[in-house]
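Source file: target.csv (CSV, C-alpha atoms and all ligand atoms)
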chain,number,residue,atom,x,y,z
A,1,MET,CA,58.2,101.7,106.8
A,2,ALA,CA,55.4,99.6,108.1
A,3,ARG,CA,53.7,102.7,109.7
A,4,LEU,CA,54.2,104.6,106.5
A,5,LEU,CA,52.5,101.8,104.5
A,6,GLY,CA,49.8,101.0,107.1
A,7,GLN,CA,51.3,97.4,107.5
A,8,ARG,CA,52.5,95.3,110.4
A,9,PRO,CA,56.2,94.8,110.6
A,10,CYS,CA,57.2,91.1,110.3
A,11,ALA,CA,60.4,89.3,109.6
A,12,ILE,CA,61.4,85.9,108.2
A,13,THR,CA,64.2,83.8,109.6
A,14,VAL,CA,65.4,80.2,109.1
A,15,GLY,CA,66.4,78.2,112.2
A,16,GLY,CA,65.3,76.5,115.3
A,17,GLU,CA,66.3,79.3,117.6
A,18,GLY,CA,63.0,81.3,117.0
A,19,ASP,CA,62.1,82.0,120.6
A,20,SER,CA,65.6,83.1,121.7
A,21,PHE,CA,66.0,85.2,118.6
A,22,ALA,CA,62.6,86.8,119.2
A,23,THR,CA,63.7,87.7,122.7
A,24,GLN,CA,66.8,89.5,121.3
A,25,LEU,CA,64.5,91.5,119.0
A,26,ARG,CA,62.4,92.7,121.9
A,27,GLY,CA,61.8,96.4,121.8
A,28,PHE,CA,62.6,97.0,118.1
A,29,GLY,CA,59.0,97.1,116.9
A,30,LEU,CA,58.7,93.8,115.1
A,31,GLU,CA,55.2,92.2,115.5
A,32,LYS,CA,55.7,88.7,114.0
A,33,LEU,CA,58.7,86.5,113.3
A,34,TYR,CA,58.1,83.7,110.7
A,35,VAL,CA,60.5,80.9,111.5
A,36,LEU,CA,61.2,78.4,108.8
A,37,ASP,CA,62.4,74.9,109.5
A,38,PRO,CA,66.1,74.6,108.5
A,39,ARG,CA,65.5,71.0,107.4
A,40,ALA,CA,63.3,72.3,104.6
A,41,ALA,CA,66.3,72.7,102.3
A,42,PRO,CA,69.3,70.4,101.9
A,43,GLN,CA,71.5,73.5,101.9
A,44,TRP,CA,70.8,77.2,102.6
A,45,THR,CA,72.0,79.0,99.5
A,46,PRO,CA,70.7,82.2,97.9
A,47,GLU,CA,68.6,79.9,95.7
A,48,THR,CA,66.9,78.0,98.5
A,49,TYR,CA,66.5,81.2,100.6
A,50,ALA,CA,64.8,82.8,97.6
A,51,GLN,CA,62.4,79.8,97.2
A,52,ALA,CA,61.5,79.9,100.9
A,53,VAL,CA,60.9,83.6,101.0
A,54,THR,CA,58.9,83.5,97.8
A,55,SER,CA,56.7,80.8,99.3
A,56,VAL,CA,56.1,82.8,102.5
A,57,ALA,CA,55.4,86.0,100.4
A,58,LEU,CA,52.8,84.2,98.2
A,59,ARG,CA,50.9,83.1,101.3
A,60,ARG,CA,51.4,86.2,103.6
A,61,LYS,CA,51.1,88.8,100.8
A,62,PRO,CA,53.5,91.5,102.2
A,63,LYS,CA,53.4,95.0,100.7
A,64,LEU,CA,57.2,95.4,100.9
A,65,LEU,CA,60.0,92.9,101.3
A,66,LEU,CA,63.3,94.2,102.4
A,67,PHE,CA,66.7,92.4,102.2
A,68,ALA,CA,70.0,93.5,103.6
A,69,ALA,CA,72.3,94.7,100.8
A,70,THR,CA,74.8,92.0,101.6
A,71,PRO,CA,76.1,89.4,99.0
A,72,LEU,CA,73.4,86.9,100.3
A,73,GLY,CA,70.6,89.5,100.6
A,74,SER,CA,71.2,91.0,97.2
A,75,ASP,CA,71.4,87.6,95.5
A,76,ALA,CA,68.3,86.2,97.2
A,77,GLY,CA,66.3,89.5,96.9
A,78,ALA,CA,66.8,89.7,93.1
A,79,ARG,CA,65.8,86.0,92.8
A,80,VAL,CA,62.6,86.6,94.8
A,81,ALA,CA,61.7,89.6,92.6
A,82,ALA,CA,62.2,87.5,89.5
A,83,ARG,CA,60.1,84.7,90.9
A,84,LEU,CA,57.3,87.1,91.8
A,85,ARG,CA,57.7,89.1,88.6
A,86,THR,CA,57.8,92.3,90.6
A,87,GLY,CA,60.0,95.5,90.8
A,88,PHE,CA,63.3,95.3,92.6
A,89,ILE,CA,65.5,98.3,93.7
A,90,SER,CA,68.9,97.6,95.2
A,91,GLU,CA,71.0,99.3,97.9
A,92,CYS,CA,68.3,101.8,99.0
A,93,VAL,CA,69.2,104.4,101.7
A,94,ASP,CA,65.8,105.9,102.2
A,95,PHE,CA,62.1,105.4,101.3
A,96,ALA,CA,59.1,107.8,101.0
A,97,VAL,CA,55.5,107.5,99.9
A,98,GLU,CA,54.6,110.0,97.1
A,99,GLY,CA,50.9,109.9,96.2
A,100,GLU,CA,50.0,106.2,96.4
A,101,ARG,CA,53.4,105.0,95.3
A,102,LEU,CA,56.5,104.0,97.3
A,103,CYS,CA,59.8,105.7,96.2
A,104,ALA,CA,63.3,104.6,97.2
A,105,ARG,CA,66.5,106.6,97.2
A,106,LYS,CA,69.8,105.1,96.4
A,107,ALA,CA,73.4,106.4,96.2
A,108,VAL,CA,75.2,106.3,92.8
A,109,HIS,CA,78.7,107.2,91.6
A,110,GLY,CA,80.3,106.1,94.8
A,111,GLY,CA,77.9,108.2,96.9
A,112,GLU,CA,78.6,111.4,95.0
A,113,ALA,CA,75.0,111.6,93.8
A,114,HIS,CA,71.6,110.1,94.7
A,115,MET,CA,68.7,109.0,92.6
A,116,THR,CA,65.1,108.3,93.4
A,117,LEU,CA,63.2,105.4,91.8
A,118,ARG,CA,59.6,104.2,92.3
A,119,TRP,CA,57.9,100.9,91.8
A,120,LEU,CA,55.4,100.6,89.0
A,121,SER,CA,54.5,97.0,89.6
A,122,PRO,CA,51.8,96.0,92.1
A,123,PRO,CA,53.2,94.9,95.6
A,124,PRO,CA,55.1,93.1,96.9
A,125,TRP,CA,57.8,95.7,96.3
A,126,ILE,CA,61.3,94.4,96.8
A,127,ALA,CA,64.4,96.2,97.8
A,128,THR,CA,67.8,95.7,99.4
A,129,VAL,CA,68.8,98.2,102.0
A,130,ASP,CA,72.3,99.6,102.6
A,131,LEU,CA,73.1,98.6,106.2
A,132,ASP,CA,74.9,101.8,106.8
A,133,ALA,CA,71.6,103.6,106.3
A,134,LEU,CA,70.0,101.7,109.2
A,135,GLU,CA,70.0,102.3,112.9
A,136,ALA,CA,68.4,100.0,115.5
A,137,ILE,CA,66.1,102.2,117.6
A,138,GLU,CA,64.6,100.7,120.8
A,139,GLY,CA,61.1,101.7,121.5
A,140,ALA,CA,59.2,101.8,124.8
A,141,ASN,CA,57.2,98.7,124.0
A,142,ARG,CA,59.4,95.8,125.2
A,143,CYS,CA,57.2,93.0,123.6
A,144,ALA,CA,59.0,90.3,121.7
A,145,PRO,CA,57.5,89.5,118.3
A,146,GLN,CA,55.1,86.6,118.1
A,147,VAL,CA,56.9,83.5,116.7
A,148,ILE,CA,55.1,81.7,114.0
A,149,GLU,CA,56.5,78.4,112.8
A,150,ASP,CA,55.9,78.4,109.0
A,151,GLN,CA,56.2,75.4,106.7
A,152,VAL,CA,57.7,75.7,103.3
A,153,THR,CA,58.1,73.0,100.6
A,154,LEU,CA,60.9,73.8,98.3
A,155,GLU,CA,61.7,72.5,94.7
A,156,ALA,CA,64.8,70.6,94.1
A,157,PRO,CA,67.6,73.2,94.0
A,158,ARG,CA,69.4,73.7,90.7
A,159,THR,CA,72.8,74.7,92.3
A,160,GLU,CA,74.7,73.5,95.3
A,161,LEU,CA,77.5,74.7,97.4
A,162,VAL,CA,80.6,72.7,96.7
A,163,ARG,CA,83.2,74.2,99.1
A,164,ARG,CA,84.0,77.3,100.9
A,165,TRP,CA,87.3,78.7,102.2
A,166,LYS,CA,87.9,80.5,105.4
A,167,VAL,CA,90.0,83.6,104.8
A,168,ASP,CA,92.7,84.3,107.3
A,169,PRO,CA,91.6,87.7,108.7
A,170,ARG,CA,95.2,88.8,108.8
A,171,GLN,CA,95.5,88.5,105.0
A,172,LEU,CA,92.6,90.9,104.4
A,173,ALA,CA,93.1,94.5,103.2
A,174,LEU,CA,92.3,97.1,105.9
A,175,GLY,CA,89.2,98.2,104.0
A,176,GLU,CA,87.8,94.6,104.0
A,177,ALA,CA,88.7,93.6,107.6
A,178,SER,CA,85.9,93.4,110.2
A,179,LEU,CA,88.3,94.0,113.0
A,180,VAL,CA,91.2,96.5,112.8
A,181,VAL,CA,93.7,97.7,115.4
A,182,GLY,CA,95.3,101.1,114.6
A,183,VAL,CA,98.5,102.3,116.2
A,184,GLY,CA,99.5,105.9,116.2
A,185,ARG,CA,102.5,108.2,116.7
A,186,PRO,CA,103.7,106.7,120.0
A,187,ILE,CA,105.1,103.7,118.2
A,188,ILE,CA,107.7,105.8,116.4
A,189,ALA,CA,109.7,106.3,119.6
A,190,ARG,CA,109.4,102.6,120.5
A,191,ALA,CA,109.8,100.9,117.1
A,192,GLN,CA,111.3,97.8,118.8
A,193,GLU,CA,107.7,97.1,120.2
A,194,LEU,CA,106.2,96.9,116.7
A,195,SER,CA,106.5,93.2,116.3
A,196,ARG,CA,105.0,92.6,119.8
A,197,LEU,CA,102.0,94.8,118.9
A,198,LYS,CA,101.6,93.1,115.5
A,199,GLU,CA,101.5,89.7,117.2
A,200,ALA,CA,98.9,91.0,119.7
A,201,ALA,CA,96.7,92.2,116.9
A,202,GLU,CA,97.0,88.9,115.1
A,203,SER,CA,96.1,87.0,118.3
A,204,ILE,CA,92.8,88.8,118.4
A,205,GLY,CA,92.2,88.2,114.7
A,206,ALA,CA,92.7,91.8,113.7
A,207,VAL,CA,94.5,93.5,110.8
A,208,LEU,CA,97.1,96.1,112.0
A,209,GLY,CA,97.0,99.6,110.6
A,210,VAL,CA,98.7,102.9,111.5
A,211,SER,CA,98.2,106.6,111.4
A,212,ARG,CA,100.1,108.8,108.9
A,213,PRO,CA,103.0,109.8,111.1
A,214,VAL,CA,103.9,106.1,111.4
A,215,THR,CA,104.0,105.6,107.6
A,216,ASP,CA,105.8,108.9,107.2
A,217,ALA,CA,108.5,107.7,109.6
A,218,GLY,CA,108.9,104.7,107.4
A,219,LEU,CA,108.0,102.2,110.1
A,220,MET,CA,105.1,100.6,108.2
A,221,PRO,CA,104.3,100.7,104.4
A,222,LYS,CA,101.9,103.2,103.0
A,223,GLU,CA,99.3,100.4,102.4
A,224,SER,CA,98.9,100.1,106.1
A,225,GLN,CA,97.9,103.8,106.6
A,226,ILE,CA,94.4,104.5,107.9
A,227,GLY,CA,93.0,107.9,107.0
A,228,MET,CA,91.9,110.3,104.3
A,229,SER,CA,95.1,109.7,102.3
A,230,GLY,CA,95.3,106.0,103.2
A,231,ASN,CA,92.7,103.2,103.7
A,232,TRP,CA,89.0,103.8,104.6
A,233,LEU,CA,87.6,101.3,107.0
A,234,ALA,CA,84.1,99.8,106.9
A,235,GLY,CA,84.3,96.9,109.3
A,236,ASP,CA,82.6,96.1,112.6
A,237,VAL,CA,85.2,97.2,115.2
A,238,TYR,CA,88.2,99.6,115.1
A,239,ILE,CA,90.5,99.7,118.1
A,240,ALA,CA,92.4,103.0,117.8
A,241,CYS,CA,95.5,102.9,120.1
A,242,GLY,CA,97.5,106.1,120.7
A,243,ILE,CA,95.7,108.0,118.0
A,244,SER,CA,94.5,111.5,118.9
A,245,GLY,CA,91.6,111.7,116.5
A,246,SER,CA,92.6,114.2,113.8
A,247,ALA,CA,89.9,115.0,111.2
A,248,TYR,CA,92.1,113.4,108.5
A,249,HIS,CA,92.1,110.1,110.4
A,250,MET,CA,88.5,110.2,111.6
A,251,MET,CA,86.9,110.9,108.2
A,252,ALA,CA,88.1,107.5,107.0
A,253,ILE,CA,86.6,105.5,109.9
A,254,HIS,CA,83.0,106.9,110.0
A,255,LYS,CA,81.6,103.7,108.5
A,256,VAL,CA,83.0,101.5,111.2
A,257,ARG,CA,80.2,100.2,113.5
A,258,HIS,CA,82.0,100.3,116.8
A,259,LEU,CA,85.0,102.5,117.7
A,260,ILE,CA,87.1,101.7,120.7
A,261,ALA,CA,89.8,104.2,121.6
A,262,VAL,CA,92.8,103.6,123.8
A,263,ASN,CA,94.8,106.7,124.9
A,264,ILE,CA,96.8,107.8,128.0
A,265,ASP,CA,95.2,111.3,127.7
A,266,ARG,CA,91.7,111.3,129.1
A,267,ASP,CA,91.0,114.5,127.1
A,268,ALA,CA,92.1,113.0,123.8
A,269,PRO,CA,89.7,114.2,121.1
A,270,ILE,CA,89.1,110.7,119.8
A,271,PHE,CA,87.2,109.8,123.0
A,272,LYS,CA,84.4,112.1,121.9
A,273,SER,CA,83.6,109.8,119.0
A,274,ALA,CA,84.4,106.5,120.7
A,275,GLU,CA,81.8,104.0,121.9
A,276,LEU,CA,84.3,102.7,124.5
A,277,ALA,CA,87.0,105.0,125.8
A,278,ILE,CA,89.9,103.2,127.6
A,279,VAL,CA,92.4,105.4,129.4
A,280,ALA,CA,95.5,103.2,129.3
A,281,ASP,CA,99.0,102.8,127.9
A,282,LEU,CA,98.7,101.0,124.6
A,283,PHE,CA,102.0,99.2,125.1
A,284,GLU,CA,100.5,97.5,128.1
A,285,LEU,CA,96.9,97.1,127.0
A,286,LEU,CA,97.4,95.6,123.5
A,287,PRO,CA,99.8,92.8,124.5
A,288,ALA,CA,97.5,92.0,127.5
A,289,LEU,CA,94.5,91.8,125.1
A,290,GLY,CA,96.6,89.4,122.9
A,291,GLU,CA,97.4,87.2,125.9
A,292,LEU,CA,93.8,87.2,127.0
A,293,SER,CA,92.6,86.0,123.6
A,294,LYS,CA,95.1,83.2,123.7
A,295,THR,CA,93.9,82.0,127.1
A,296,THR,CA,90.2,82.2,126.1
A,297,ALA,CA,90.7,80.7,122.6
B,301,LIG,C1,96.6,116.5,103.6
B,301,LIG,C2,96.8,115.7,104.9
B,301,LIG,C3,96.4,114.4,104.8
B,301,LIG,C4,96.5,113.6,106.0
B,301,LIG,N1,96.1,112.2,105.9
B,301,LIG,C5,96.2,111.5,107.0
B,301,LIG,C6,95.8,110.1,107.0
B,301,LIG,O1,95.4,109.6,105.9
B,301,LIG,N2,95.8,109.4,108.1
B,301,LIG,C7,96.3,109.9,109.3
B,301,LIG,O2,96.3,109.2,110.3
B,301,LIG,N3,96.7,111.2,109.3
B,301,LIG,C8,96.7,112.0,108.2
B,301,LIG,N4,97.1,113.3,108.3
B,301,LIG,C9,97.8,113.7,109.5
B,301,LIG,C10,96.8,114.2,110.6
B,301,LIG,O3,96.5,115.5,110.5
B,301,LIG,C11,97.4,113.9,112.0
B,301,LIG,O4,98.7,114.6,112.1
B,301,LIG,C12,97.7,112.5,112.3
B,301,LIG,O5,96.5,111.7,112.1
B,301,LIG,C13,98.1,112.3,113.8
B,301,LIG,O6,98.4,111.0,114.1
B,301,LIG,P1,98.4,110.4,115.5
B,301,LIG,O7,97.0,110.5,116.0
B,301,LIG,O8,99.0,109.0,115.4
B,301,LIG,O9,99.4,111.3,116.3
B,301,LIG,P2,99.1,112.4,117.5
B,301,LIG,O10,98.1,113.4,117.0
B,301,LIG,O11,100.5,112.9,117.8
B,301,LIG,O12,98.5,111.6,118.6
B,301,LIG,C14,99.1,110.6,119.4
B,301,LIG,C15,98.2,110.2,120.6
B,301,LIG,O13,98.8,109.1,121.3
B,301,LIG,C16,98.5,109.3,122.7
B,301,LIG,N5,99.5,108.5,123.4
B,301,LIG,C17,100.8,108.8,123.6
B,301,LIG,N6,101.5,107.8,124.2
B,301,LIG,C18,100.5,106.8,124.4
B,301,LIG,C19,100.6,105.5,125.0
B,301,LIG,N7,101.7,105.0,125.5
B,301,LIG,N8,99.4,104.8,125.0
B,301,LIG,C20,98.2,105.3,124.6
B,301,LIG,N9,98.1,106.6,124.0
B,301,LIG,C21,99.3,107.3,123.9
B,301,LIG,C22,98.6,110.8,122.9
B,301,LIG,O14,97.8,111.2,124.0
B,301,LIG,C23,97.9,111.3,121.6
B,301,LIG,O15,96.5,111.4,121.7
B,301,LIG,C24,97.0,114.1,107.2
B,301,LIG,C25,97.4,115.4,107.2
B,301,LIG,C26,97.3,116.2,106.1
B,301,LIG,C27,97.7,117.7,106.2
Before we go any further, please render this structure as structure tokens.
Ligand SMILES: Cc1cc2nc3c(=O)[nH]c(=O)nc-3n(C[C@H](O)[C@H](O)[C@H](O)COP(=O)(O)OP(=O)(O)OC[C@H]3O[C@@H](n4cnc5c(N)ncnc54)[C@H](O)[C@@H]3O)c2cc1C
Amino acid sequence: MARLLGQRPCAITVGGEGDSFATQLRGFGLEKLYVLDPRAAPQWTPETYAQAVTSVALRRKPKLLLFAATPLGSDAGARVAARLRTGFISECVDFAVEGERLCARKAVHGGEAHMTLRWLSPPPWIATVDLDALEAIEGANRCAPQVIEDQVTLEAPRTELVRRWKVDPRQLALGEASLVVGVGRPIIARAQELSRLKEAAESIGAVLGVSRPVTDAGLMPKESQIGMSGNWLAGDVYIACGISGSAYHMMAIHKVRHLIAVNIDRDAPIFKSAELAIVADLFELLPALGELSKTTA
């Protein structure tokens, strides 16, 4: 985007770990990292993030400000746009320059259609970006971005965070869970092992799901089915154990960031899509993983 707009790619972060964060970002093309003092706000909420980013934007005059389309990024991004009285486009999946103007494409109707919008206001243009549309591409240049400690003075916030609840990951629906363990057909012949596998999944903080043959066999309720006619996953990690990788199962997991597959057959089709392929017996590996997490907890 920076190349397209003839700008230098920069980022803003809050926190004292600027140098180590900058080292992690080495190779991803960022030139400058503005690090804000976390003590600048009594609490970091969408309101205070928005104030801080607005203050940096007013001084640094970026052409485009991108936020992640997460609950925090969407809230803060819209606030910054309102403060700067500039155009805001949410959940973009692509950008292009047409003539002198920047256009953004976004999915609508649950991804069935797309529309293209463009900014009419002068820069900075503000957008949130659908994280599934992004890919981290390492370049040849291994330089870390230059860290610039930036000072911001914020107004007294008008809202404050009163309390937050930690959700027990095991209570989450499969589609909301960040870590899911899926178990396939082999469990049907060894149904007595199900509670042991459930316990192992719980020990690593995962929600347990199954493939269709398992729900068809009545071993688990339909709500726990992963696949085209069950739940669609969108979390960070899916550990598929004893699942061959049929198209009906795979189409519902394409949004998961990391796929780990465990199978006794080293030619199992699922290994072609897995980031980590483990040739092992799931009835040994899963309980061992559960035990390991207890000892390292
Ligand atoms: C209209 C339609 C809709 C469907 N919807 C879905 C759906 O929503 N979800 C879904 O899952 N399926 C769905 N299916 C079914 C789908 O086509 C497959 O039949 C199903 O996904 C296969 O499930 P599986 O991978 O568990 O079993 P299998 O294909 O039988 O694979 C079992 C795997 O376990 C491995 N294995 C065996 N023992 C062990 C062990 N001890 N340790 C490790 N690995 C072992 C084997 O090597 C094999 O790869 C649908 C089918 C149709 C026609």
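Surrounding residues of (64.6, 103.9, 92.9) at most 10 Å away are Gly87, Phe88, Ile89, Ser90, Glu91, Cys92, Val93, Asp94, Phe95, Leu102, Cys103, Ala104, Arg105, Lys106, Ala107, His114, Met115, Thr116, Leu117, Arg118, Trp119 and Ala127 of chain A (based on all atoms listed in the file).
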Top pick for closest residue to Lys294 (chain A), considering A:Glu199, A:Gly242, A:Tyr248, A:Leu276 and counting only C-alpha atoms: A:Glu199
Nearby polymer residues, ligand LIG 301 (chain B), at most 6 Å, all atoms listed in the file, as a short mmCIF file (atom, residue, chain, number, x, y, z; two decimals) with C-alpha atoms, in the frame of the given file:
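Written file, selection.cif:
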data_model
loop_
_atom_site.label_atom_id
_atom_site.label_comp_id
_atom_site.auth_asym_id
_atom_site.auth_seq_id
_atom_site.Cartn_x
_atom_site.Cartn_y
_atom_site.Cartn_z
CA GLY A 184 99.50 105.90 116.20
CA ARG A 185 102.50 108.20 116.70
CA PRO A 186 103.70 106.70 120.00
CA SER A 211 98.20 106.60 111.40
CA ARG A 212 100.10 108.80 108.90
CA PRO A 213 103.00 109.80 111.10
CA ILE A 226 94.40 104.50 107.90
CA GLY A 227 93.00 107.90 107.00
CA MET A 228 91.90 110.30 104.30
CA SER A 229 95.10 109.70 102.30
CA GLY A 230 95.30 106.00 103.20
CA CYS A 241 95.50 102.90 120.10
CA GLY A 242 97.50 106.10 120.70
CA ILE A 243 95.70 108.00 118.00
CA SER A 244 94.50 111.50 118.90
CA GLY A 245 91.60 111.70 116.50
CA SER A 246 92.60 114.20 113.80
CA TYR A 248 92.10 113.40 108.50
CA HIS A 249 92.10 110.10 110.40
CA VAL A 262 92.80 103.60 123.80
CA ASN A 263 94.80 106.70 124.90
CA ILE A 264 96.80 107.80 128.00
CA ASP A 265 95.20 111.30 127.70
CA ALA A 268 92.10 113.00 123.80
CA ALA A 280 95.50 103.20 129.30
CA ASP A 281 99.00 102.80 127.90
CA LEU A 282 98.70 101.00 124.60
CA PHE A 283 102.00 99.20 125.10
#
Would you list the residues near (60.7, 72.1, 101.8) (no more than 8 Å away, in the coordinates of the file, using all atoms listed in the file) as a ChimeraX atom specification? /A:39-41,52,151-155
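Across the structure, CA of Ala173 (chain A) and CA of Pro221 (chain A) are spaced 12.9 Å apart.
Closest approach to Leu72 (chain A) among A:Pro123, A:Pro46, A:Gly175, A:Pro38 is made by A:Pro46 (distances from only C-alpha atoms).
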Which value, in Å to one decimal, gives the distance between CA of Leu134 (chain A) and CA of Leu233 (chain A)? 17.7 Å
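The list of residues with at least one atom within 10 Å of Glu291 (chain A), based on all atoms listed in the file and without residues fewer than 6 positions apart in the same chain, reads Glu199, Ala200, Ser203, Ile204, Leu285 and Ala297 of chain A.
The nearest approach to Val129 (chain A) among the residues A:Val214, A:Phe67, A:Leu5, A:Leu194, with all atoms listed in the file taken into account, belongs to A:Phe67.
Distance annotation: of A:Ala240, A:Ala22, A:Pro287, A:Gly218, the residue with the minimal separation from Ala201 (chain A) is A:Pro287; atom set is all atoms listed in the file.
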Will you model N, CA and C atoms for region 258-278 of chain A and pass it back as a compact mmCIF listing (two decimals), in the coordinates of the input?
# COMPACT_ATOMS: atom_id res chain seq x y z
N HIS A 258 81.69 100.05 115.42
CA HIS A 258 82.00 100.30 116.80
C HIS A 258 83.47 100.82 116.92
N LEU A 259 83.64 101.99 117.52
CA LEU A 259 85.00 102.50 117.70
C LEU A 259 85.39 102.41 119.17
N ILE A 260 86.54 101.74 119.39
CA ILE A 260 87.10 101.70 120.70
C ILE A 260 88.41 102.45 120.68
N ALA A 261 88.60 103.38 121.62
CA ALA A 261 89.80 104.20 121.60
C ALA A 261 90.62 103.96 122.88
N VAL A 262 91.94 103.81 122.71
CA VAL A 262 92.80 103.60 123.80
C VAL A 262 93.83 104.77 123.83
N ASN A 263 93.89 105.53 124.91
CA ASN A 263 94.80 106.70 124.90
C ASN A 263 95.15 107.00 126.38
N ILE A 264 96.39 107.48 126.58
CA ILE A 264 96.80 107.80 128.00
C ILE A 264 96.19 109.16 128.40
N ASP A 265 95.77 109.94 127.40
CA ASP A 265 95.20 111.30 127.70
C ASP A 265 93.71 111.20 127.79
N ARG A 266 93.15 111.40 128.98
CA ARG A 266 91.70 111.30 129.10
C ARG A 266 90.95 112.37 128.32
N ASP A 267 91.66 113.43 127.89
CA ASP A 267 91.00 114.50 127.10
C ASP A 267 91.29 114.33 125.60
N ALA A 268 91.80 113.18 125.20
CA ALA A 268 92.10 113.00 123.80
C ALA A 268 90.82 113.18 122.95
N PRO A 269 90.89 113.96 121.86
CA PRO A 269 89.70 114.20 121.10
C PRO A 269 88.96 112.99 120.57
N ILE A 270 89.70 111.92 120.31
CA ILE A 270 89.10 110.70 119.80
C ILE A 270 88.04 110.12 120.73
N PHE A 271 88.19 110.38 122.02
CA PHE A 271 87.20 109.80 123.00
C PHE A 271 85.82 110.36 122.77
N LYS A 272 85.74 111.54 122.14
CA LYS A 272 84.40 112.10 121.90
C LYS A 272 83.60 111.26 120.92
N SER A 273 84.30 110.57 120.02
CA SER A 273 83.60 109.80 119.00
C SER A 273 83.56 108.29 119.39
N ALA A 274 84.30 107.89 120.42
CA ALA A 274 84.40 106.50 120.70
C ALA A 274 83.23 105.92 121.49
N GLU A 275 82.88 104.67 121.17
CA GLU A 275 81.80 104.00 121.90
C GLU A 275 82.35 103.52 123.24
N LEU A 276 83.61 103.11 123.22
CA LEU A 276 84.30 102.70 124.50
C LEU A 276 85.61 103.42 124.53
N ALA A 277 85.82 104.19 125.61
CA ALA A 277 87.00 105.00 125.80
C ALA A 277 87.87 104.34 126.89
N ILE A 278 89.09 103.91 126.56
CA ILE A 278 89.90 103.20 127.60
C ILE A 278 91.15 104.13 127.82
